[in-house]
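Asker: So here's start.cif, just mmCIF, C-alpha atoms:
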```cif
data_entry
loop_
_atom_site.label_atom_id
_atom_site.label_comp_id
_atom_site.auth_asym_id
_atom_site.auth_seq_id
_atom_site.Cartn_x
_atom_site.Cartn_y
_atom_site.Cartn_z
CA MET A 297 107.81 101.31 129.52
CA VAL A 298 107.21 104.62 131.33
CA LEU A 299 108.85 103.14 134.44
CA GLY A 300 112.08 102.19 132.73
CA GLY A 301 115.34 104.05 132.30
CA GLU A 302 115.57 107.42 134.00
CA ALA A 303 111.97 107.13 135.27
CA ALA A 304 113.11 104.30 137.54
CA GLU A 305 115.24 106.74 139.50
CA ALA A 306 112.14 108.71 140.54
CA THR A 307 109.78 105.75 141.11
CA GLY A 308 112.14 103.22 142.61
CA THR A 309 110.84 100.66 140.09
CA ASP A 310 113.25 98.78 137.85
CA LEU A 311 112.43 96.78 134.72
CA SER A 312 113.98 93.38 134.19
CA GLY A 313 114.06 90.57 131.65
CA ASP A 314 112.06 91.14 128.44
CA ASP A 315 110.62 94.39 129.78
CA ALA A 316 114.11 95.81 130.15
CA ARG A 317 115.05 94.68 126.63
CA MET A 318 111.91 96.28 125.20
CA ASP A 319 112.68 99.51 127.02
CA ALA A 320 116.26 99.49 125.76
CA ALA A 321 115.10 98.88 122.18
CA LEU A 322 112.74 101.85 122.37
CA ASP A 323 115.23 104.08 124.16
CA ALA A 324 117.88 103.41 121.51
CA VAL A 325 115.80 105.44 119.05
CA TYR A 326 113.38 107.56 121.06
CA GLY A 327 115.08 108.08 124.41
CA SER A 328 118.04 110.13 125.49
CA GLY A 329 120.20 107.40 124.05
CA GLY A 330 118.76 108.00 120.64
CA ARG A 331 119.66 111.14 118.72
CA GLY A 332 123.24 112.02 119.62
CA ALA A 333 123.66 109.58 122.53
CA GLY A 334 127.39 110.09 122.58
CA ARG A 335 126.94 113.79 123.27
CA ARG A 336 124.35 113.34 126.03
CA GLY A 337 126.21 110.78 128.05
CA ARG A 338 123.78 107.85 128.17
CA GLY A 339 124.96 104.86 126.20
CA ALA A 340 121.75 103.13 125.10
CA GLY A 341 121.99 104.34 121.50
CA LEU A 342 122.83 102.20 118.48
CA GLY A 343 126.16 103.79 117.82
CA ALA A 344 127.83 103.08 114.50
CA SER A 345 128.16 99.29 114.72
CA ALA A 346 126.35 97.15 112.16
CA PRO A 347 126.36 94.05 114.45
CA GLN A 348 124.86 96.13 117.25
CA VAL A 349 122.15 97.43 114.91
CA ALA A 350 121.47 93.89 113.69
CA ARG A 351 120.95 92.74 117.30
CA TRP A 352 118.62 95.69 117.90
CA LEU A 353 116.64 94.73 114.80
CA GLY A 354 116.33 91.21 116.15
CA ASP A 355 115.02 92.56 119.47
CA ILE A 356 112.34 94.79 117.97
CA ARG A 357 111.16 91.96 115.68
CA ALA A 358 110.84 89.74 118.72
CA PHE A 359 108.82 92.23 120.77
CA PHE A 360 106.72 94.23 118.27
CA PRO A 361 104.42 93.48 115.29
CA SER A 362 105.83 93.99 111.79
CA THR A 363 103.93 97.26 111.23
CA VAL A 364 105.55 98.76 114.34
CA VAL A 365 108.94 97.32 113.38
CA GLN A 366 108.77 99.09 110.03
CA ILE A 367 108.06 102.43 111.71
CA MET A 368 110.90 101.95 114.19
CA GLN A 369 113.32 101.01 111.40
CA ARG A 370 112.36 104.11 109.43
CA ASP A 371 112.74 106.34 112.49
CA ALA A 372 116.11 104.81 113.34
CA VAL A 373 117.47 105.49 109.85
CA GLU A 374 116.21 109.09 109.94
CA ARG A 375 116.97 110.00 113.57
CA LEU A 376 120.28 108.18 113.98
CA ASP A 377 121.62 108.57 110.43
CA LEU A 378 122.09 104.82 109.96
CA THR A 379 121.96 104.94 106.16
CA ARG A 380 125.61 103.93 105.88
CA LEU A 381 124.95 100.78 107.90
CA LEU A 382 122.37 99.65 105.35
CA LEU A 383 125.36 98.80 103.19
CA GLU A 384 126.20 95.95 105.57
CA PRO A 385 124.73 92.52 104.65
CA GLU A 386 124.30 91.45 108.29
CA MET A 387 122.00 94.42 108.87
CA LEU A 388 120.05 93.81 105.66
CA ASP A 389 119.52 90.18 106.65
CA ALA A 390 117.88 91.35 109.90
CA VAL A 391 115.54 94.09 108.65
CA GLU A 392 111.77 93.88 108.16
CA PRO A 393 111.26 94.50 104.42
CA ASP A 394 108.92 97.37 103.52
CA VAL A 395 108.39 99.89 100.72
CA HIS A 396 110.25 102.72 102.46
CA LEU A 397 113.29 100.56 103.13
CA VAL A 398 113.31 99.54 99.47
CA GLY A 399 113.27 103.23 98.52
CA THR A 400 116.30 103.85 100.75
CA LEU A 401 118.15 100.88 99.24
CA LEU A 402 117.40 102.05 95.70
CA SER A 403 118.80 105.49 96.54
CA LEU A 404 122.00 103.72 97.69
CA ASN A 405 122.09 101.43 94.67
CA GLN A 406 125.16 103.01 93.11
CA VAL A 407 127.25 102.66 96.27
CA LEU A 408 126.13 99.22 97.49
CA PRO A 409 129.22 97.05 97.97
CA GLU A 410 129.18 93.68 96.25
CA ARG A 411 128.89 91.81 99.55
CA ALA A 412 125.61 93.58 100.34
CA ARG A 413 123.97 93.39 96.91
CA GLU A 414 122.37 89.98 97.28
CA SER A 415 120.99 90.87 100.70
CA ALA A 416 119.59 94.10 99.25
CA ARG A 417 118.00 92.18 96.37
CA ALA A 418 116.41 89.78 98.85
CA VAL A 419 114.80 92.72 100.67
CA VAL A 420 113.50 94.20 97.41
CA ARG A 421 112.32 90.80 96.19
CA ALA A 422 110.33 90.22 99.39
CA VAL A 423 108.55 93.58 99.08
CA VAL A 424 107.85 93.06 95.37
CA ARG A 425 106.35 89.64 96.06
CA ARG A 426 104.16 91.07 98.81
CA LEU A 427 102.89 93.86 96.55
CA GLU A 428 102.23 91.45 93.69
CA ASP A 429 100.19 89.21 95.99
CA ARG A 430 98.17 92.22 97.10
CA LEU A 431 97.62 93.97 93.76
CA ALA A 432 98.16 91.73 90.72
CA ARG A 433 94.87 89.82 90.65
CA ARG A 434 92.75 92.91 91.17
CA LEU A 435 94.61 94.90 88.52
CA ARG A 436 94.31 92.14 85.89
CA SER A 437 90.61 91.67 86.69
CA ALA A 438 89.86 95.41 86.47
CA VAL A 439 91.67 95.81 83.14
CA ASP A 440 90.12 92.68 81.59
CA GLY A 441 86.66 93.77 82.70
CA ALA A 442 87.16 97.26 81.30
CA LEU A 443 88.29 95.90 77.93
CA ASP A 444 85.24 93.62 77.79
CA ARG A 445 82.83 96.42 78.67
CA SER A 446 84.49 98.75 76.18
CA ALA A 447 84.11 96.13 73.45
CA ARG A 448 80.44 95.45 74.24
CA ARG A 449 79.51 99.11 74.04
CA ARG A 450 80.37 99.19 70.36
CA ARG A 451 77.20 99.00 68.28
CA PRO A 452 76.97 95.69 66.35
CA ARG A 453 76.83 96.14 62.59
CA ARG A 454 75.49 92.70 61.65
CA VAL A 455 72.77 90.47 63.10
CA SER A 456 75.41 87.82 63.77
CA GLU A 457 77.23 90.26 66.06
CA VAL A 458 74.20 90.86 68.34
CA ASP A 459 74.31 89.23 71.78
CA TRP A 460 70.55 88.56 71.95
CA ASP A 461 70.57 87.34 75.55
CA ARG A 462 72.14 90.58 76.84
CA THR A 463 70.11 92.68 74.40
CA ILE A 464 66.79 91.23 75.64
CA ARG A 465 67.71 91.69 79.30
CA ARG A 466 68.80 95.28 78.71
CA ASN A 467 65.55 96.14 76.86
CA LEU A 468 62.91 94.38 78.99
CA ARG A 469 61.36 97.72 79.86
CA HIS A 470 60.58 98.21 76.18
CA TYR A 471 58.22 95.23 75.98
CA ALA A 472 55.22 96.03 73.72
CA PRO A 473 52.16 94.04 74.99
CA ALA A 474 50.13 94.69 71.86
CA HIS A 475 52.76 92.98 69.74
CA ARG A 476 53.90 90.56 72.48
CA THR A 477 57.49 91.40 71.76
CA ILE A 478 60.36 93.58 72.86
CA VAL A 479 61.26 96.61 70.78
CA PRO A 480 65.00 97.04 71.57
CA GLU A 481 66.34 100.56 71.75
CA HIS A 482 69.93 99.40 72.27
CA LEU A 483 71.63 96.42 70.68
CA VAL A 484 74.42 94.77 72.67
CA GLY A 485 77.16 93.15 70.65
CA TYR A 486 79.36 90.22 71.50
CA ALA A 487 82.76 91.21 72.77
CA ARG A 488 85.14 91.32 69.88
CA ARG A 489 87.69 88.62 69.50
CA ARG A 490 90.71 90.03 71.30
CA ARG A 491 93.49 91.37 69.17
CA SER A 492 97.02 90.90 70.43
CA VAL A 493 97.05 94.47 71.79
CA GLU A 494 93.94 96.45 72.78
CA ARG A 495 95.50 99.44 74.55
CA ASP A 496 98.88 101.10 74.97
CA ILE A 497 99.87 102.13 78.51
CA VAL A 498 102.76 104.52 79.17
CA LEU A 499 103.89 105.02 82.76
CA CYS A 500 106.11 108.09 83.09
CA VAL A 501 107.65 107.97 86.57
CA ASP A 502 109.50 110.73 88.40
CA GLN A 503 112.49 109.14 90.18
CA SER A 504 113.52 112.19 92.18
CA GLY A 505 114.21 111.34 95.83
CA SER A 506 110.80 112.39 97.18
CA MET A 507 109.03 109.88 94.91
CA ALA A 508 110.69 106.72 96.24
CA ALA A 509 107.53 104.88 97.36
CA SER A 510 105.77 105.83 94.12
CA VAL A 511 108.66 104.41 92.07
CA VAL A 512 108.42 101.09 93.89
CA HIS A 513 104.65 100.78 93.40
CA ALA A 514 104.85 101.93 89.77
CA GLY A 515 107.49 99.31 89.04
CA VAL A 516 105.38 96.47 90.45
CA LEU A 517 102.11 97.65 88.87
CA GLY A 518 103.87 98.26 85.56
CA ALA A 519 105.22 94.70 85.59
CA VAL A 520 101.70 93.35 86.16
CA LEU A 521 100.32 95.41 83.25
CA ALA A 522 103.21 94.28 81.04
CA SER A 523 102.28 90.64 81.71
CA MET A 524 98.88 91.16 80.01
CA PRO A 525 98.97 90.39 76.25
CA THR A 526 96.05 92.78 75.61
CA LEU A 527 98.22 95.73 76.64
CA ARG A 528 101.45 97.22 75.34
CA THR A 529 103.05 98.72 78.45
CA SER A 530 106.04 101.07 78.60
CA LEU A 531 107.73 102.44 81.71
CA VAL A 532 109.91 105.53 81.51
CA ALA A 533 111.77 106.84 84.58
CA PHE A 534 113.18 110.34 84.72
CA ASP A 535 114.93 113.00 86.77
CA THR A 536 116.90 115.48 84.69
CA SER A 537 117.60 112.63 82.29
CA VAL A 538 115.30 109.94 80.90
CA VAL A 539 115.71 106.17 80.95
CA ASP A 540 113.38 103.68 79.25
CA LEU A 541 113.00 100.65 81.53
CA THR A 542 110.41 98.85 79.41
CA ASP A 543 112.74 95.94 78.66
CA ARG A 544 113.01 95.26 82.41
CA LEU A 545 109.27 95.04 83.09
CA ARG A 546 109.40 91.24 83.00
CA ASP A 547 111.39 91.37 86.27
CA PRO A 548 110.29 94.15 88.66
CA VAL A 549 113.32 93.60 90.92
CA GLU A 550 115.69 94.26 88.03
CA LEU A 551 113.52 97.19 86.98
CA LEU A 552 113.72 98.82 90.40
CA PHE A 553 117.48 98.41 90.50
CA GLY A 554 117.54 100.15 87.13
CA THR A 555 116.17 103.33 88.68
CA GLN A 556 118.37 105.96 90.27
CA LEU A 557 116.54 107.87 92.99
CA GLY A 558 117.57 111.45 93.60
CA GLY A 559 118.47 114.44 91.51
CA GLY A 560 116.35 117.09 89.80
CA THR A 561 113.29 116.89 87.58
CA ASP A 562 112.72 117.57 83.88
CA ILE A 563 109.12 116.58 83.16
CA ASN A 564 109.12 118.20 79.72
CA ARG A 565 112.05 116.09 78.54
CA ALA A 566 110.38 112.92 79.85
CA LEU A 567 107.09 113.73 78.10
CA ALA A 568 108.96 114.47 74.88
CA TYR A 569 110.37 110.95 75.01
CA CYS A 570 106.97 109.45 75.84
CA GLU A 571 105.43 111.26 72.85
CA ARG A 572 107.67 109.20 70.58
CA LEU A 573 106.27 106.00 72.09
CA ILE A 574 102.66 106.93 71.28
CA THR A 575 101.66 105.55 67.88
CA ARG A 576 97.89 105.19 68.53
CA PRO A 577 96.83 108.25 70.55
CA ARG A 578 93.17 107.26 70.91
CA GLU A 579 94.13 103.84 72.22
CA THR A 580 96.77 105.16 74.64
CA VAL A 581 96.69 105.99 78.34
CA LEU A 582 99.64 108.00 79.68
CA VAL A 583 100.07 108.13 83.45
CA LEU A 584 102.49 110.80 84.69
CA ILE A 585 103.58 110.02 88.26
CA SER A 586 105.32 113.09 89.65
CA ASP A 587 105.16 115.78 92.32
CA LEU A 588 105.05 118.18 89.32
CA TYR A 589 107.99 120.34 90.45
CA GLU A 590 109.35 121.13 87.00
CA GLY A 591 113.01 122.00 86.63
CA GLY A 592 112.84 122.13 82.83
CA GLU A 593 110.72 124.11 80.38
CA ARG A 594 107.34 124.58 82.07
CA ALA A 595 105.64 126.29 79.11
CA GLU A 596 106.83 123.55 76.74
CA MET A 597 105.61 120.90 79.15
CA MET A 598 102.10 122.38 79.12
CA LYS A 599 102.08 122.68 75.32
CA ARG A 600 103.15 119.07 75.03
CA VAL A 601 100.39 117.84 77.35
CA ALA A 602 97.82 119.94 75.48
CA ALA A 603 98.94 118.44 72.16
CA MET A 604 98.75 114.88 73.48
CA THR A 605 95.25 115.31 74.87
CA ALA A 606 94.09 117.05 71.67
CA ALA A 607 95.31 114.03 69.70
CA GLY A 608 93.17 111.75 71.85
CA THR A 609 95.66 110.39 74.38
CA ARG A 610 94.15 110.01 77.83
CA VAL A 611 96.57 111.71 80.22
CA VAL A 612 96.34 111.53 84.01
CA ALA A 613 98.81 112.98 86.54
CA LEU A 614 99.36 111.27 89.88
CA THR A 615 101.14 113.38 92.47
CA ALA A 616 101.88 110.14 94.33
CA LEU A 617 101.27 106.42 93.92
CA SER A 618 101.63 105.29 97.51
CA ASP A 619 99.76 104.49 100.72
CA GLU A 620 100.76 107.75 102.39
CA GLY A 621 98.60 110.85 102.73
CA ALA A 622 98.54 113.92 100.49
CA PRO A 623 102.09 114.65 99.30
CA ALA A 624 103.87 117.93 98.69
CA PHE A 625 103.46 118.90 95.05
CA ASP A 626 103.47 121.95 92.78
CA HIS A 627 99.95 123.34 93.08
CA ALA A 628 100.40 125.84 90.25
CA ASN A 629 101.37 123.13 87.78
CA ALA A 630 98.58 120.91 89.07
CA ALA A 631 96.04 123.69 88.42
CA ALA A 632 97.46 124.33 84.95
CA LEU A 633 97.17 120.64 84.03
CA THR A 634 93.64 120.50 85.41
CA SER A 635 92.69 123.44 83.16
CA LEU A 636 93.85 121.30 80.21
CA GLY A 637 91.42 118.56 81.23
CA VAL A 638 94.08 116.40 82.90
CA PRO A 639 92.94 115.05 86.28
CA VAL A 640 95.54 115.50 89.02
CA PHE A 641 95.38 113.62 92.32
CA ALA A 642 97.28 111.34 94.67
CA CYS A 643 96.40 107.69 94.19
CA THR A 644 96.91 104.67 96.41
CA PRO A 645 98.03 101.41 94.81
CA ASP A 646 94.66 99.87 95.75
CA VAL A 647 92.76 102.54 93.76
CA PHE A 648 95.06 102.26 90.73
CA PRO A 649 93.22 99.26 89.16
CA ASP A 650 89.94 101.21 89.16
CA LEU A 651 91.74 104.19 87.63
CA MET A 652 93.05 102.05 84.78
CA ALA A 653 89.60 100.57 84.21
CA ALA A 654 88.02 104.04 84.02
CA ALA A 655 90.69 105.23 81.59
CA ILE A 656 90.35 102.19 79.33
CA GLU A 657 86.56 102.48 79.25
CA GLY A 658 86.83 106.09 78.18
CA ARG A 659 85.07 107.51 81.22
CA ASP A 660 85.52 111.13 82.25
CA LEU A 661 88.60 110.83 84.45
CA THR A 662 88.13 114.23 86.02
CA GLU A 663 84.64 113.28 87.19
CA TRP A 664 85.85 109.82 88.19
CA SER A 665 88.64 111.31 90.31
CA ARG A 666 86.17 113.60 92.10
CA ARG A 667 84.06 110.62 93.14
CA SER A 668 86.80 108.13 93.82
CA VAL A 669 89.74 110.00 95.35
CA PRO A 670 90.26 113.14 97.46
CA GLU A 671 90.63 116.33 95.47
CA VAL A 672 94.12 117.91 95.29
#
```
Give the structure from this file in structure tokens form.

Answerer:
Amino acid sequence: MVLGGEAAEATGTDLSGDDARMDAALDAVYGSGGRGAGRRGRGAGLGASAPQVARWLGDIRAFFPSTVVQIMQRDAVERLDLTRLLLEPEMLDAVEPDVHLVGTLLSLNQVLPERARESARAVVRAVVRRLEDRLARRLRSAVDGALDRSARRRRPRRVSEVDWDRTIRRNLRHYAPAHRTIVPEHLVGYARRRRSVERDIVLCVDQSGSMAASVVHAGVLGAVLASMPTLRTSLVAFDTSVVDLTDRLRDPVELLFGTQLGGGTDINRALAYCERLITRPRETVLVLISDLYEGGERAEMMKRVAAMTAAGTRVVALTALSDEGAPAFDHANAAALTSLGVPVFACTPDVFPDLMAAAIEGRDLTEWSRRSVPEV
């Protein structure tokens, strides 16, 4: 690649065939034909033609692995301002679906023309399916295991409730040779017969523009949690207004298209709404997913969080729910929440199942976050 384009003039070496096409595909974004090609004189850029962009997308998918294609797509949208072309179905049919592209499409949701909507839904559907394949089984397993362990820790009140096999194994070290028996210090009970709902989960998701990837992951993970009969799951999205998307959790694609990325942030208003959803504080886990930049009443927000935790609700704040590194977030608000006993950290989707298990089991989430995720 270093011998192509303008380098050929100095080396006397020209690229041809597939090598030339690869060089042109790279130069369209990263070379002199990329940013502002029309002003610089070389014509290798993508211009403003959706068919031309679609052909370029076909080239990069032919020459590069999907992970590289996703990066090049993202760079092309950012560097060449191709957002408008994402409204064209022929371009959407050619893209490599990924979480960041879904975030861009969701931010354009209100202006998508009818002819591009089905193509956009196909992109979102492909990413949702991929995330479900990656995360659903592990999340269900972690939550089911946590509910079982939580139930077994409860001290049995009747002999019929004692799981003698587990009790004996747990107390083998208390064997008394003189009496040829075990003197159990801890009785282990059978897991209780599951009620229809064991825990309430409230996901409170910031849908401001910087949280796009987190919104996508929260939507998919929320749909998985909502499919479990042992949980009552709610999902609330907010910017300066609040929208309850719980009734869309059965279909994460519809849920994501119900969000509206962009705008400001009013965390206090969102938490006020979530408070009304909490009917069993000690059986409730509230996950606030936000960069914590509060545009509303900061003091009221802190009072509200303090009241919820005092009532027994387990509150955790995630500054991001994505695969990226540490995000930008409001450090002052993060410190204030931490002082209230609310753990604050960025969480990857792969760590989220373990987080939910720790919360359901009643473990110290602040200590768990120190061991399991980087500190904020």

Asker: Give as a list in words the residues that the PyMOL selection byres ((chain A and resi 583) around 6) matches when applied to the coordinates above.

Answerer: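 Going through the file, the PyMOL selection byres ((chain A and resi 583) around 6) ends up selecting Leu499, Leu582, Leu584, Val611, Val612 and Ala613 of chain A.
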
Asker: Would you list the contacts of Thr400 in chain A as a list in words, taking every protein, DNA or RNA residue within 9 Å and counting only C-alpha atoms, but skipping same-chain residues closer than 2 positions in sequence?

Answerer: Thr379, Leu382, Val395, His396, Leu397, Val398, Leu402, Ser403, Leu404, Asn405, Ala508 and Leu557 of chain A

Asker: Can you list, as a ChimeraX atom specification, the residues that the PyMOL selection byres ((chain A and resi 504) around 6) selects here?

Answerer: /A:502-503,505-507,535,557-559

Asker: Which residues are near range 547-555 of chain A? Cut-off 8 Å, only C-alpha atoms, ignore same chain within fewer than 5 positions. Put them as an mmCIF file with C-alpha atoms, in the frame of the given file.

Answerer:
```
data_model
loop_
_atom_site.group_PDB
_atom_site.id
_atom_site.type_symbol
_atom_site.label_atom_id
_atom_site.label_comp_id
_atom_site.auth_asym_id
_atom_site.auth_seq_id
_atom_site.Cartn_x
_atom_site.Cartn_y
_atom_site.Cartn_z
ATOM 1 C CA LEU A 402 117.400 102.050 95.700
ATOM 2 C CA ASN A 405 122.090 101.430 94.670
ATOM 3 C CA ARG A 417 118.000 92.180 96.370
ATOM 4 C CA VAL A 420 113.500 94.200 97.410
ATOM 5 C CA ARG A 421 112.320 90.800 96.190
ATOM 6 C CA VAL A 424 107.850 93.060 95.370
ATOM 7 C CA GLN A 503 112.490 109.140 90.180
ATOM 8 C CA VAL A 511 108.660 104.410 92.070
ATOM 9 C CA VAL A 512 108.420 101.090 93.890
ATOM 10 C CA GLY A 515 107.490 99.310 89.040
ATOM 11 C CA VAL A 516 105.380 96.470 90.450
ATOM 12 C CA ALA A 519 105.220 94.700 85.590
ATOM 13 C CA ALA A 533 111.770 106.840 84.580
ATOM 14 C CA LEU A 541 113.000 100.650 81.530
#
```

Asker: Please expand the PyMOL selection byres ((chain A and resi 480) around 9) into the concrete residues it hits in this file, giving the result as a list in words.

Answerer: Thr463, Ile464, Arg466, Asn467, Leu468, His470, Tyr471, Ile478, Val479, Glu481, His482 and Leu483 of chain A

Asker: Starting from the incomplete input, reconstruct N, CA, C and O atoms of range 578-592 of chain A and write that as a CSV table (one decimal), keeping the file's coordinate frame.

Answerer:
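Generated output (part_34.csv):
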```csv
chain,number,residue,atom,x,y,z
A,578,ARG,N,94.5,107.5,70.4
A,578,ARG,CA,93.2,107.3,70.9
A,578,ARG,C,93.1,105.9,71.6
A,578,ARG,O,92.1,105.6,72.3
A,579,GLU,N,94.1,105.1,71.5
A,579,GLU,CA,94.1,103.8,72.2
A,579,GLU,C,95.2,103.8,73.3
A,579,GLU,O,95.6,102.8,73.8
A,580,THR,N,95.7,105.0,73.7
A,580,THR,CA,96.8,105.2,74.6
A,580,THR,C,96.4,105.9,75.9
A,580,THR,O,95.7,106.9,75.9
A,581,VAL,N,96.8,105.3,77.0
A,581,VAL,CA,96.7,106.0,78.3
A,581,VAL,C,98.1,106.3,78.8
A,581,VAL,O,98.9,105.4,79.0
A,582,LEU,N,98.3,107.6,79.1
A,582,LEU,CA,99.6,108.0,79.7
A,582,LEU,C,99.4,108.4,81.1
A,582,LEU,O,98.6,109.3,81.4
A,583,VAL,N,100.2,107.8,82.0
A,583,VAL,CA,100.1,108.1,83.4
A,583,VAL,C,101.4,108.8,83.9
A,583,VAL,O,102.4,108.1,83.9
A,584,LEU,N,101.3,110.1,84.2
A,584,LEU,CA,102.5,110.8,84.7
A,584,LEU,C,102.5,110.7,86.2
A,584,LEU,O,101.5,111.2,86.8
A,585,ILE,N,103.5,110.1,86.8
A,585,ILE,CA,103.6,110.0,88.3
A,585,ILE,C,104.7,110.9,88.7
A,585,ILE,O,105.9,110.6,88.6
A,586,SER,N,104.3,112.1,89.3
A,586,SER,CA,105.3,113.1,89.6
A,586,SER,C,104.7,114.1,90.6
A,586,SER,O,103.5,114.3,90.7
A,587,ASP,N,105.6,114.7,91.4
A,587,ASP,CA,105.2,115.8,92.3
A,587,ASP,C,105.0,117.1,91.6
A,587,ASP,O,104.7,118.1,92.1
A,588,LEU,N,105.3,117.1,90.2
A,588,LEU,CA,105.0,118.2,89.3
A,588,LEU,C,106.0,119.4,89.5
A,588,LEU,O,105.7,120.4,89.0
A,589,TYR,N,107.0,119.2,90.3
A,589,TYR,CA,108.0,120.3,90.4
A,589,TYR,C,108.9,120.3,89.2
A,589,TYR,O,109.8,119.4,89.1
A,590,GLU,N,108.7,121.2,88.3
A,590,GLU,CA,109.4,121.1,87.0
A,590,GLU,C,110.6,122.0,87.0
A,590,GLU,O,110.6,123.2,87.3
A,591,GLY,N,111.7,121.3,86.7
A,591,GLY,CA,113.0,122.0,86.6
A,591,GLY,C,113.4,122.3,85.2
A,591,GLY,O,114.4,123.0,85.0
A,592,GLY,N,112.6,121.9,84.2
A,592,GLY,CA,112.8,122.1,82.8
A,592,GLY,C,112.0,123.3,82.3
A,592,GLY,O,111.7,124.2,83.0
```
